[in-house]
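> final-v7.cif is reproduced below (mmCIF, N, CA, C and O atoms).
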```
data_start
#
loop_
_atom_site.label_atom_id
_atom_site.label_comp_id
_atom_site.auth_asym_id
_atom_site.auth_seq_id
_atom_site.Cartn_x
_atom_site.Cartn_y
_atom_site.Cartn_z
N MET A 1 101.83 84.11 105.91
CA MET A 1 100.62 84.75 106.38
C MET A 1 99.44 83.80 106.16
O MET A 1 99.36 83.12 105.16
N LYS A 2 98.50 83.79 107.08
CA LYS A 2 97.32 82.94 106.99
C LYS A 2 96.31 83.56 106.03
O LYS A 2 96.13 84.79 106.02
N THR A 3 95.66 82.72 105.23
CA THR A 3 94.65 83.22 104.29
C THR A 3 93.27 82.73 104.70
O THR A 3 93.14 81.84 105.54
N LEU A 4 92.24 83.29 104.10
CA LEU A 4 90.87 82.90 104.39
C LEU A 4 90.64 81.43 104.08
O LEU A 4 89.87 80.76 104.76
N LYS A 5 91.34 80.91 103.10
CA LYS A 5 91.22 79.50 102.73
C LYS A 5 91.63 78.57 103.88
O LYS A 5 91.09 77.49 104.03
N ASP A 6 92.57 79.02 104.72
CA ASP A 6 93.09 78.21 105.82
C ASP A 6 92.23 78.26 107.08
O ASP A 6 92.48 77.51 108.01
N SER A 7 91.25 79.13 107.14
CA SER A 7 90.46 79.29 108.35
C SER A 7 89.43 78.16 108.49
O SER A 7 89.09 77.48 107.53
N LYS A 8 88.97 77.97 109.72
CA LYS A 8 88.05 76.88 110.06
C LYS A 8 86.63 77.42 110.25
O LYS A 8 86.43 78.59 110.54
N VAL A 9 85.65 76.53 110.15
CA VAL A 9 84.25 76.89 110.35
C VAL A 9 84.05 77.39 111.78
O VAL A 9 84.59 76.82 112.73
N GLY A 10 83.31 78.48 111.94
CA GLY A 10 83.02 79.04 113.24
C GLY A 10 83.98 80.14 113.67
O GLY A 10 83.74 80.81 114.67
N GLU A 11 85.06 80.35 112.93
CA GLU A 11 86.02 81.39 113.27
C GLU A 11 85.53 82.76 112.79
O GLU A 11 84.84 82.85 111.79
N THR A 12 85.91 83.79 113.52
CA THR A 12 85.73 85.16 113.07
C THR A 12 87.13 85.73 112.87
O THR A 12 87.93 85.71 113.80
N VAL A 13 87.40 86.19 111.67
CA VAL A 13 88.74 86.67 111.32
C VAL A 13 88.66 88.11 110.82
O VAL A 13 87.59 88.58 110.45
N THR A 14 89.80 88.78 110.81
CA THR A 14 89.89 90.16 110.32
C THR A 14 90.80 90.20 109.11
O THR A 14 91.88 89.61 109.13
N VAL A 15 90.38 90.90 108.07
CA VAL A 15 91.17 91.01 106.85
C VAL A 15 92.34 91.95 107.09
O VAL A 15 92.17 93.06 107.60
N VAL A 16 93.54 91.47 106.73
CA VAL A 16 94.75 92.27 106.88
C VAL A 16 95.15 92.88 105.55
O VAL A 16 95.51 94.05 105.46
N LYS A 17 95.06 92.08 104.48
CA LYS A 17 95.54 92.52 103.17
C LYS A 17 94.85 91.74 102.07
O LYS A 17 94.55 90.56 102.23
N LEU A 18 94.65 92.38 100.93
CA LEU A 18 94.13 91.71 99.74
C LEU A 18 95.27 91.62 98.73
O LEU A 18 95.86 92.63 98.38
N THR A 19 95.56 90.40 98.29
CA THR A 19 96.55 90.23 97.23
C THR A 19 95.79 90.05 95.93
O THR A 19 94.57 90.07 95.91
N GLY A 20 96.49 89.84 94.84
CA GLY A 20 95.82 89.74 93.55
C GLY A 20 95.93 91.07 92.83
O GLY A 20 96.36 92.07 93.41
N ALA A 21 95.52 91.07 91.59
CA ALA A 21 95.68 92.29 90.81
C ALA A 21 94.45 92.55 89.93
O ALA A 21 93.70 91.63 89.61
N GLY A 22 94.28 93.79 89.60
CA GLY A 22 93.28 94.20 88.61
C GLY A 22 91.86 93.83 88.94
O GLY A 22 91.37 94.09 90.04
N ALA A 23 91.20 93.20 87.99
CA ALA A 23 89.78 92.91 88.07
C ALA A 23 89.43 91.95 89.21
O ALA A 23 88.38 92.08 89.82
N VAL A 24 90.31 91.01 89.50
CA VAL A 24 90.04 90.04 90.57
C VAL A 24 89.99 90.75 91.92
O VAL A 24 89.06 90.56 92.71
N LYS A 25 90.97 91.58 92.19
CA LYS A 25 91.01 92.33 93.45
C LYS A 25 89.82 93.28 93.55
O LYS A 25 89.20 93.41 94.59
N ARG A 26 89.48 93.92 92.46
CA ARG A 26 88.34 94.85 92.43
C ARG A 26 87.04 94.10 92.74
O ARG A 26 86.18 94.60 93.47
N ARG A 27 86.88 92.89 92.20
CA ARG A 27 85.67 92.09 92.43
C ARG A 27 85.55 91.72 93.90
O ARG A 27 84.46 91.78 94.48
N ILE A 28 86.66 91.33 94.52
CA ILE A 28 86.66 90.98 95.95
C ILE A 28 86.26 92.21 96.78
O ILE A 28 85.45 92.11 97.70
N MET A 29 86.80 93.36 96.43
CA MET A 29 86.46 94.58 97.15
C MET A 29 85.00 94.98 96.94
O MET A 29 84.34 95.46 97.86
N ASP A 30 84.47 94.75 95.76
CA ASP A 30 83.07 95.06 95.47
C ASP A 30 82.12 94.18 96.28
O ASP A 30 80.98 94.57 96.54
N MET A 31 82.58 93.00 96.69
CA MET A 31 81.76 92.11 97.53
C MET A 31 81.74 92.57 98.98
O MET A 31 81.06 91.98 99.80
N GLY A 32 82.50 93.60 99.31
CA GLY A 32 82.51 94.13 100.67
C GLY A 32 83.69 93.67 101.50
O GLY A 32 83.76 93.97 102.69
N ILE A 33 84.61 92.94 100.91
CA ILE A 33 85.78 92.45 101.63
C ILE A 33 86.91 93.45 101.43
O ILE A 33 87.51 93.51 100.37
N THR A 34 87.14 94.24 102.47
CA THR A 34 88.20 95.25 102.43
C THR A 34 89.05 95.11 103.69
O THR A 34 88.69 94.40 104.62
N LYS A 35 90.16 95.81 103.72
CA LYS A 35 91.07 95.76 104.86
C LYS A 35 90.36 96.18 106.14
O LYS A 35 89.65 97.19 106.16
N GLY A 36 90.52 95.37 107.20
CA GLY A 36 89.94 95.68 108.50
C GLY A 36 88.56 95.12 108.76
O GLY A 36 88.10 95.15 109.89
N VAL A 37 87.88 94.60 107.76
CA VAL A 37 86.53 94.07 107.94
C VAL A 37 86.60 92.68 108.60
O VAL A 37 87.53 91.92 108.37
N GLU A 38 85.59 92.38 109.44
CA GLU A 38 85.52 91.07 110.08
C GLU A 38 84.71 90.12 109.22
O GLU A 38 83.68 90.49 108.67
N ILE A 39 85.18 88.88 109.14
CA ILE A 39 84.51 87.84 108.36
C ILE A 39 84.26 86.64 109.27
O ILE A 39 85.18 86.17 109.94
N TYR A 40 83.02 86.15 109.29
CA TYR A 40 82.66 84.96 110.04
C TYR A 40 82.53 83.79 109.08
O TYR A 40 81.80 83.89 108.09
N ILE A 41 83.25 82.70 109.33
CA ILE A 41 83.20 81.51 108.46
C ILE A 41 81.99 80.68 108.85
O ILE A 41 81.97 80.09 109.93
N ARG A 42 80.98 80.61 108.00
CA ARG A 42 79.74 79.88 108.30
C ARG A 42 79.83 78.41 107.93
O ARG A 42 79.53 77.55 108.75
N LYS A 43 80.19 78.12 106.70
CA LYS A 43 80.21 76.74 106.21
C LYS A 43 81.30 76.57 105.18
O LYS A 43 81.70 77.54 104.54
N VAL A 44 81.73 75.33 105.00
CA VAL A 44 82.62 74.98 103.91
C VAL A 44 81.98 73.79 103.21
O VAL A 44 81.56 72.83 103.86
N ALA A 45 81.86 73.85 101.90
CA ALA A 45 81.25 72.76 101.14
C ALA A 45 82.04 71.46 101.34
O ALA A 45 83.23 71.51 101.66
N PRO A 46 81.39 70.32 101.17
CA PRO A 46 82.06 69.03 101.41
C PRO A 46 83.39 68.84 100.67
O PRO A 46 84.31 68.28 101.23
N LEU A 47 83.50 69.36 99.49
CA LEU A 47 84.76 69.23 98.74
C LEU A 47 85.64 70.46 98.93
O LEU A 47 86.67 70.60 98.28
N GLY A 48 85.23 71.38 99.82
CA GLY A 48 86.05 72.53 100.15
C GLY A 48 85.81 73.77 99.31
O GLY A 48 86.37 74.82 99.58
N ASP A 49 84.99 73.68 98.31
CA ASP A 49 84.76 74.82 97.42
C ASP A 49 83.27 74.94 97.11
O ASP A 49 82.70 73.98 96.59
N PRO A 50 82.58 75.98 97.40
CA PRO A 50 83.01 77.27 97.94
C PRO A 50 82.97 77.32 99.47
O PRO A 50 82.54 76.38 100.13
N ILE A 51 83.39 78.47 100.00
CA ILE A 51 83.35 78.75 101.43
C ILE A 51 82.25 79.79 101.64
O ILE A 51 82.22 80.80 100.95
N GLU A 52 81.34 79.52 102.58
CA GLU A 52 80.27 80.46 102.86
C GLU A 52 80.63 81.29 104.08
O GLU A 52 80.96 80.75 105.13
N VAL A 53 80.59 82.62 103.92
CA VAL A 53 80.99 83.52 104.99
C VAL A 53 79.91 84.59 105.22
O VAL A 53 79.04 84.78 104.37
N THR A 54 79.99 85.25 106.36
CA THR A 54 79.14 86.42 106.63
C THR A 54 80.05 87.64 106.70
O THR A 54 81.00 87.67 107.47
N VAL A 55 79.75 88.61 105.83
CA VAL A 55 80.53 89.85 105.75
C VAL A 55 79.56 91.02 105.80
O VAL A 55 78.62 91.06 105.00
N ARG A 56 79.80 91.96 106.70
CA ARG A 56 78.98 93.18 106.78
C ARG A 56 77.49 92.88 106.85
O ARG A 56 76.66 93.57 106.25
N GLY A 57 77.12 91.78 107.53
CA GLY A 57 75.72 91.46 107.74
C GLY A 57 75.03 90.68 106.63
O GLY A 57 73.83 90.47 106.68
N TYR A 58 75.76 90.23 105.63
CA TYR A 58 75.13 89.39 104.60
C TYR A 58 75.99 88.17 104.31
O TYR A 58 77.17 88.15 104.59
N GLU A 59 75.32 87.14 103.78
CA GLU A 59 76.02 85.89 103.45
C GLU A 59 76.62 85.97 102.06
O GLU A 59 76.03 86.53 101.15
N LEU A 60 77.79 85.35 101.93
CA LEU A 60 78.53 85.41 100.68
C LEU A 60 79.26 84.08 100.48
O LEU A 60 79.78 83.53 101.45
N SER A 61 79.27 83.57 99.29
CA SER A 61 80.04 82.37 98.97
C SER A 61 81.26 82.77 98.15
O SER A 61 81.14 83.50 97.18
N ILE A 62 82.42 82.27 98.58
CA ILE A 62 83.68 82.63 97.93
C ILE A 62 84.38 81.36 97.48
O ILE A 62 84.45 80.38 98.22
N ARG A 63 84.91 81.39 96.26
CA ARG A 63 85.70 80.26 95.77
C ARG A 63 87.02 80.18 96.52
O ARG A 63 87.52 81.18 97.02
N LYS A 64 87.58 78.98 96.57
CA LYS A 64 88.87 78.79 97.25
C LYS A 64 89.95 79.65 96.61
O LYS A 64 90.80 80.20 97.31
N ALA A 65 89.93 79.77 95.31
CA ALA A 65 90.95 80.57 94.59
C ALA A 65 90.89 82.04 95.04
O ALA A 65 91.93 82.68 95.20
N ASP A 66 89.68 82.55 95.25
CA ASP A 66 89.54 83.93 95.72
C ASP A 66 89.90 84.04 97.20
O ASP A 66 90.48 85.03 97.62
N ALA A 67 89.55 83.03 97.99
CA ALA A 67 89.85 83.04 99.42
C ALA A 67 91.35 83.03 99.68
O ALA A 67 91.81 83.56 100.69
N GLU A 68 92.11 82.46 98.75
CA GLU A 68 93.57 82.45 98.89
C GLU A 68 94.18 83.84 98.80
O GLU A 68 95.26 84.09 99.29
N MET A 69 93.48 84.77 98.18
CA MET A 69 93.98 86.13 97.98
C MET A 69 93.67 87.04 99.14
O MET A 69 94.04 88.21 99.12
N ILE A 70 92.98 86.52 100.17
CA ILE A 70 92.58 87.34 101.32
C ILE A 70 93.41 86.92 102.53
O ILE A 70 93.21 85.84 103.07
N GLU A 71 94.35 87.78 102.93
CA GLU A 71 95.18 87.50 104.11
C GLU A 71 94.45 87.96 105.35
O GLU A 71 93.86 89.04 105.37
N ILE A 72 94.49 87.12 106.40
CA ILE A 72 93.73 87.39 107.63
C ILE A 72 94.61 87.28 108.86
O ILE A 72 95.73 86.79 108.80
N LYS A 73 94.05 87.74 110.00
CA LYS A 73 94.69 87.48 111.28
C LYS A 73 93.67 86.99 112.26
O LYS A 73 92.49 87.13 112.07
#
```
Give the structure from this file in structure tokens form.


Amino acid sequence: MKTLKDSKVGETVTVVKLTGAGAVKRRIMDMGITKGVEIYIRKVAPLGDPIEVTVRGYELSIRKADAEMIEIK
């Protein structure tokens, strides 16, 4: 399955599933990333970490480790 970490700048993707457990998964959900939400990839830092995205009308920076836990289509 493709993850948010694998997506390219300028893509709009839809969240299919959140992996991870406990506090990490809860933190991702608290940021507004839930199943079915659309995410627009705005920028990726030169070294690849963090990834800047637009979710639910606001900008958010996500670490690569967290982006790996977000499965997309």

> Let's see if you can do this: from backbone DSSP, list all helix (DSSP H, G or I) residues in chain A, as a tab-separated table (two decimals) with N, CA, C and O atoms, keeping the file's coordinate frame.


```tsv
chain	number	residue	atom	x	y	z
A	4	LEU	N	92.24	83.29	104.10
A	4	LEU	CA	90.87	82.90	104.39
A	4	LEU	C	90.64	81.43	104.08
A	4	LEU	O	89.87	80.76	104.76
A	5	LYS	N	91.34	80.91	103.10
A	5	LYS	CA	91.22	79.50	102.73
A	5	LYS	C	91.63	78.57	103.88
A	5	LYS	O	91.09	77.49	104.03
A	6	ASP	N	92.57	79.02	104.72
A	6	ASP	CA	93.09	78.21	105.82
A	6	ASP	C	92.23	78.26	107.08
A	6	ASP	O	92.48	77.51	108.01
A	22	GLY	N	94.28	93.79	89.60
A	22	GLY	CA	93.28	94.20	88.61
A	22	GLY	C	91.86	93.83	88.94
A	22	GLY	O	91.37	94.09	90.04
A	23	ALA	N	91.20	93.20	87.99
A	23	ALA	CA	89.78	92.91	88.07
A	23	ALA	C	89.43	91.95	89.21
A	23	ALA	O	88.38	92.08	89.82
A	24	VAL	N	90.31	91.01	89.50
A	24	VAL	CA	90.04	90.04	90.57
A	24	VAL	C	89.99	90.75	91.92
A	24	VAL	O	89.06	90.56	92.71
A	25	LYS	N	90.97	91.58	92.19
A	25	LYS	CA	91.01	92.33	93.45
A	25	LYS	C	89.82	93.28	93.55
A	25	LYS	O	89.20	93.41	94.59
A	26	ARG	N	89.48	93.92	92.46
A	26	ARG	CA	88.34	94.85	92.43
A	26	ARG	C	87.04	94.10	92.74
A	26	ARG	O	86.18	94.60	93.47
A	27	ARG	N	86.88	92.89	92.20
A	27	ARG	CA	85.67	92.09	92.43
A	27	ARG	C	85.55	91.72	93.90
A	27	ARG	O	84.46	91.78	94.48
A	28	ILE	N	86.66	91.33	94.52
A	28	ILE	CA	86.66	90.98	95.95
A	28	ILE	C	86.26	92.21	96.78
A	28	ILE	O	85.45	92.11	97.70
A	29	MET	N	86.80	93.36	96.43
A	29	MET	CA	86.46	94.58	97.15
A	29	MET	C	85.00	94.98	96.94
A	29	MET	O	84.34	95.46	97.86
A	30	ASP	N	84.47	94.75	95.76
A	30	ASP	CA	83.07	95.06	95.47
A	30	ASP	C	82.12	94.18	96.28
A	30	ASP	O	80.98	94.57	96.54
A	64	LYS	N	87.58	78.98	96.57
A	64	LYS	CA	88.87	78.79	97.25
A	64	LYS	C	89.95	79.65	96.61
A	64	LYS	O	90.80	80.20	97.31
A	65	ALA	N	89.93	79.77	95.31
A	65	ALA	CA	90.95	80.57	94.59
A	65	ALA	C	90.89	82.04	95.04
A	65	ALA	O	91.93	82.68	95.20
A	66	ASP	N	89.68	82.55	95.25
A	66	ASP	CA	89.54	83.93	95.72
A	66	ASP	C	89.90	84.04	97.20
A	66	ASP	O	90.48	85.03	97.62
A	67	ALA	N	89.55	83.03	97.99
A	67	ALA	CA	89.85	83.04	99.42
A	67	ALA	C	91.35	83.03	99.68
A	67	ALA	O	91.81	83.56	100.69
```

> Under the PyMOL selection byres ((chain A and resi 68-72) around 5), which residues of this model are included? Write them out as a list in words.

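Output of the PyMOL selection byres ((chain A and resi 68-72) around 5): Lys2, Thr3, Leu4, Lys5, Thr14, Val15, Val16, Lys17, Leu18, Thr19, Lys64, Ala65, Asp66, Ala67 and Lys73 of chain A.
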
> Applying 12 Å and only C-alpha atoms, which residues near Ser61 of chain A remain after dropping the ones on its own chain fewer than 5 positions away? List them as a PyMOL selection string.

chain A and resi 28+31+33+39-45+48-55+66-67

> I need the residue nearest Glu11 of chain A from this list: A:Lys25, A:Glu38, A:Leu47, A:Asp30. Use all atoms listed in the file for the distance.

A:Glu38

> Once 3 Å is added on each side, what are the centre and the three edge lengths, in Å to one decimal, of the axis-aligned box enclosing the listed atoms of segment 33-49 of chain A? Present them as lines of an AutoDock Vina configuration file.


```
center_x = 85.3
center_y = 82.7
center_z = 103.3
size_x = 17.5
size_y = 34.9
size_z = 19.5
```

> Using only N, CA, C and O atoms, find the one residue out of A:Gly32, A:Val37, A:Arg26, A:Glu59 that sits nearest to Val13 of chain A.

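The closest residue to Val13 of chain A is A:Val37.
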
> Measure the distance from atom N of Leu60 of chain A to atom N of Met1 of chain A in Å and round it to one decimal.

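One can read the atom N of Leu60 of chain A to atom N of Met1 of chain A distance as 24.4 Å.
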
> From chain A, collect each residue whose DSSP state is strand (DSSP E or B) and return the set as a list in words.

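Going through chain A, the strand (DSSP E or B) residues come out as Thr3, Thr12, Val13, Thr14, Val15, Val16, Lys17, Leu18, Glu38, Ile39, Tyr40, Ile41, Arg42, Lys43, Val44, Ile51, Glu52, Val53, Thr54, Val55, Tyr58, Glu59, Leu60, Ser61, Ile62, Ile70, Glu71 and Ile72 of chain A.
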
> Provide segment 7-48 of chain A of the preceding structure as a file containing N, CA and C atoms, as a PDB file, in the first residue's frame.


```
ATOM      1  N   SER A   7       4.301   9.953  -1.543  1.00  0.00           N
ATOM      2  CA  SER A   7       3.623  10.853  -2.472  1.00  0.00           C
ATOM      3  C   SER A   7       4.540  12.001  -2.900  1.00  0.00           C
ATOM      4  N   LYS A   8       4.186  12.614  -4.021  1.00  0.00           N
ATOM      5  CA  LYS A   8       4.990  13.681  -4.622  1.00  0.00           C
ATOM      6  C   LYS A   8       4.342  15.044  -4.379  1.00  0.00           C
ATOM      7  N   VAL A   9       5.137  16.102  -4.498  1.00  0.00           N
ATOM      8  CA  VAL A   9       4.653  17.469  -4.330  1.00  0.00           C
ATOM      9  C   VAL A   9       3.606  17.761  -5.409  1.00  0.00           C
ATOM     10  N   GLY A  10       2.507  18.397  -5.008  1.00  0.00           N
ATOM     11  CA  GLY A  10       1.449  18.759  -5.932  1.00  0.00           C
ATOM     12  C   GLY A  10       0.325  17.745  -6.026  1.00  0.00           C
ATOM     13  N   GLU A  11       0.501  16.573  -5.427  1.00  0.00           N
ATOM     14  CA  GLU A  11      -0.541  15.545  -5.464  1.00  0.00           C
ATOM     15  C   GLU A  11      -1.616  15.830  -4.419  1.00  0.00           C
ATOM     16  N   THR A  12      -2.833  15.422  -4.733  1.00  0.00           N
ATOM     17  CA  THR A  12      -3.912  15.399  -3.751  1.00  0.00           C
ATOM     18  C   THR A  12      -4.276  13.936  -3.551  1.00  0.00           C
ATOM     19  N   VAL A  13      -4.185  13.480  -2.317  1.00  0.00           N
ATOM     20  CA  VAL A  13      -4.411  12.066  -2.008  1.00  0.00           C
ATOM     21  C   VAL A  13      -5.525  11.935  -0.971  1.00  0.00           C
ATOM     22  N   THR A  14      -6.067  10.732  -0.862  1.00  0.00           N
ATOM     23  CA  THR A  14      -7.124  10.443   0.109  1.00  0.00           C
ATOM     24  C   THR A  14      -6.616   9.401   1.096  1.00  0.00           C
ATOM     25  N   VAL A  15      -6.857   9.629   2.376  1.00  0.00           N
ATOM     26  CA  VAL A  15      -6.419   8.706   3.414  1.00  0.00           C
ATOM     27  C   VAL A  15      -7.318   7.468   3.394  1.00  0.00           C
ATOM     28  N   VAL A  16      -6.667   6.296   3.360  1.00  0.00           N
ATOM     29  CA  VAL A  16      -7.389   5.030   3.365  1.00  0.00           C
ATOM     30  C   VAL A  16      -7.376   4.421   4.757  1.00  0.00           C
ATOM     31  N   LYS A  17      -6.217   4.485   5.424  1.00  0.00           N
ATOM     32  CA  LYS A  17      -6.070   3.812   6.718  1.00  0.00           C
ATOM     33  C   LYS A  17      -4.943   4.460   7.508  1.00  0.00           C
ATOM     34  N   LEU A  18      -5.081   4.470   8.823  1.00  0.00           N
ATOM     35  CA  LEU A  18      -4.011   4.917   9.716  1.00  0.00           C
ATOM     36  C   LEU A  18      -3.456   3.695  10.428  1.00  0.00           C
ATOM     37  N   THR A  19      -2.152   3.489  10.304  1.00  0.00           N
ATOM     38  CA  THR A  19      -1.512   2.418  11.055  1.00  0.00           C
ATOM     39  C   THR A  19      -0.864   3.043  12.280  1.00  0.00           C
ATOM     40  N   GLY A  20      -0.191   2.253  13.076  1.00  0.00           N
ATOM     41  CA  GLY A  20       0.387   2.784  14.308  1.00  0.00           C
ATOM     42  C   GLY A  20      -0.530   2.454  15.469  1.00  0.00           C
ATOM     43  N   ALA A  21      -0.053   2.724  16.655  1.00  0.00           N
ATOM     44  CA  ALA A  21      -0.831   2.348  17.825  1.00  0.00           C
ATOM     45  C   ALA A  21      -0.785   3.435  18.896  1.00  0.00           C
ATOM     46  N   GLY A  22      -1.792   3.434  19.720  1.00  0.00           N
ATOM     47  CA  GLY A  22      -1.819   4.268  20.914  1.00  0.00           C
ATOM     48  C   GLY A  22      -1.693   5.748  20.675  1.00  0.00           C
ATOM     49  N   ALA A  23      -0.773   6.362  21.393  1.00  0.00           N
ATOM     50  CA  ALA A  23      -0.614   7.810  21.404  1.00  0.00           C
ATOM     51  C   ALA A  23      -0.223   8.380  20.042  1.00  0.00           C
ATOM     52  N   VAL A  24       0.561   7.648  19.281  1.00  0.00           N
ATOM     53  CA  VAL A  24       0.998   8.138  17.970  1.00  0.00           C
ATOM     54  C   VAL A  24      -0.202   8.257  17.028  1.00  0.00           C
ATOM     55  N   LYS A  25      -1.009   7.227  16.971  1.00  0.00           N
ATOM     56  CA  LYS A  25      -2.205   7.240  16.119  1.00  0.00           C
ATOM     57  C   LYS A  25      -3.172   8.329  16.576  1.00  0.00           C
ATOM     58  N   ARG A  26      -3.338   8.475  17.868  1.00  0.00           N
ATOM     59  CA  ARG A  26      -4.232   9.496  18.426  1.00  0.00           C
ATOM     60  C   ARG A  26      -3.749  10.897  18.034  1.00  0.00           C
ATOM     61  N   ARG A  27      -2.434  11.126  18.066  1.00  0.00           N
ATOM     62  CA  ARG A  27      -1.869  12.435  17.719  1.00  0.00           C
ATOM     63  C   ARG A  27      -2.127  12.758  16.256  1.00  0.00           C
ATOM     64  N   ILE A  28      -1.964  11.768  15.375  1.00  0.00           N
ATOM     65  CA  ILE A  28      -2.230  11.968  13.947  1.00  0.00           C
ATOM     66  C   ILE A  28      -3.705  12.314  13.736  1.00  0.00           C
ATOM     67  N   MET A  29      -4.580  11.620  14.425  1.00  0.00           N
ATOM     68  CA  MET A  29      -6.012  11.896  14.301  1.00  0.00           C
ATOM     69  C   MET A  29      -6.371  13.274  14.862  1.00  0.00           C
ATOM     70  N   ASP A  30      -5.707  13.691  15.923  1.00  0.00           N
ATOM     71  CA  ASP A  30      -5.950  15.011  16.506  1.00  0.00           C
ATOM     72  C   ASP A  30      -5.533  16.135  15.567  1.00  0.00           C
ATOM     73  N   MET A  31      -4.592  15.853  14.660  1.00  0.00           N
ATOM     74  CA  MET A  31      -4.167  16.851  13.667  1.00  0.00           C
ATOM     75  C   MET A  31      -5.178  16.985  12.533  1.00  0.00           C
ATOM     76  N   GLY A  32      -6.208  16.155  12.526  1.00  0.00           N
ATOM     77  CA  GLY A  32      -7.240  16.238  11.505  1.00  0.00           C
ATOM     78  C   GLY A  32      -7.094  15.217  10.398  1.00  0.00           C
ATOM     79  N   ILE A  33      -6.137  14.325  10.516  1.00  0.00           N
ATOM     80  CA  ILE A  33      -5.924  13.301   9.495  1.00  0.00           C
ATOM     81  C   ILE A  33      -6.688  12.051   9.911  1.00  0.00           C
ATOM     82  N   THR A  34      -7.819  11.846   9.247  1.00  0.00           N
ATOM     83  CA  THR A  34      -8.662  10.690   9.524  1.00  0.00           C
ATOM     84  C   THR A  34      -9.001  10.000   8.208  1.00  0.00           C
ATOM     85  N   LYS A  35      -9.592   8.829   8.296  1.00  0.00           N
ATOM     86  CA  LYS A  35      -9.957   8.061   7.108  1.00  0.00           C
ATOM     87  C   LYS A  35     -10.899   8.864   6.215  1.00  0.00           C
ATOM     88  N   GLY A  36     -10.575   8.914   4.913  1.00  0.00           N
ATOM     89  CA  GLY A  36     -11.423   9.586   3.940  1.00  0.00           C
ATOM     90  C   GLY A  36     -11.095  11.043   3.680  1.00  0.00           C
ATOM     91  N   VAL A  37     -10.246  11.658   4.477  1.00  0.00           N
ATOM     92  CA  VAL A  37      -9.910  13.072   4.302  1.00  0.00           C
ATOM     93  C   VAL A  37      -8.906  13.232   3.148  1.00  0.00           C
ATOM     94  N   GLU A  38      -9.032  14.347   2.410  1.00  0.00           N
ATOM     95  CA  GLU A  38      -8.097  14.633   1.322  1.00  0.00           C
ATOM     96  C   GLU A  38      -6.930  15.444   1.842  1.00  0.00           C
ATOM     97  N   ILE A  39      -5.741  15.107   1.358  1.00  0.00           N
ATOM     98  CA  ILE A  39      -4.512  15.793   1.756  1.00  0.00           C
ATOM     99  C   ILE A  39      -3.805  16.270   0.493  1.00  0.00           C
ATOM    100  N   TYR A  40      -3.432  17.549   0.463  1.00  0.00           N
ATOM    101  CA  TYR A  40      -2.673  18.120  -0.643  1.00  0.00           C
ATOM    102  C   TYR A  40      -1.218  18.270  -0.210  1.00  0.00           C
ATOM    103  N   ILE A  41      -0.285  17.710  -0.975  1.00  0.00           N
ATOM    104  CA  ILE A  41       1.144  17.786  -0.643  1.00  0.00           C
ATOM    105  C   ILE A  41       1.681  19.116  -1.156  1.00  0.00           C
ATOM    106  N   ARG A  42       2.034  20.036  -0.259  1.00  0.00           N
ATOM    107  CA  ARG A  42       2.507  21.366  -0.641  1.00  0.00           C
ATOM    108  C   ARG A  42       4.005  21.401  -0.904  1.00  0.00           C
ATOM    109  N   LYS A  43       4.787  20.940   0.046  1.00  0.00           N
ATOM    110  CA  LYS A  43       6.247  21.020  -0.057  1.00  0.00           C
ATOM    111  C   LYS A  43       6.878  19.845   0.661  1.00  0.00           C
ATOM    112  N   VAL A  44       8.107  19.539   0.267  1.00  0.00           N
ATOM    113  CA  VAL A  44       8.922  18.573   0.992  1.00  0.00           C
ATOM    114  C   VAL A  44      10.256  19.262   1.254  1.00  0.00           C
ATOM    115  N   ALA A  45      10.722  19.228   2.476  1.00  0.00           N
ATOM    116  CA  ALA A  45      11.989  19.862   2.831  1.00  0.00           C
ATOM    117  C   ALA A  45      13.137  19.249   2.021  1.00  0.00           C
ATOM    118  N   PRO A  46      14.215  19.996   1.817  1.00  0.00           N
ATOM    119  CA  PRO A  46      15.335  19.504   0.997  1.00  0.00           C
ATOM    120  C   PRO A  46      15.872  18.129   1.396  1.00  0.00           C
ATOM    121  N   LEU A  47      15.887  17.834   2.662  1.00  0.00           N
ATOM    122  CA  LEU A  47      16.376  16.524   3.104  1.00  0.00           C
ATOM    123  C   LEU A  47      15.227  15.533   3.289  1.00  0.00           C
ATOM    124  N   GLY A  48      14.010  15.938   2.904  1.00  0.00           N
ATOM    125  CA  GLY A  48      12.866  15.039   2.942  1.00  0.00           C
ATOM    126  C   GLY A  48      12.064  15.050   4.228  1.00  0.00           C
TER     127      GLY A  48
END
```
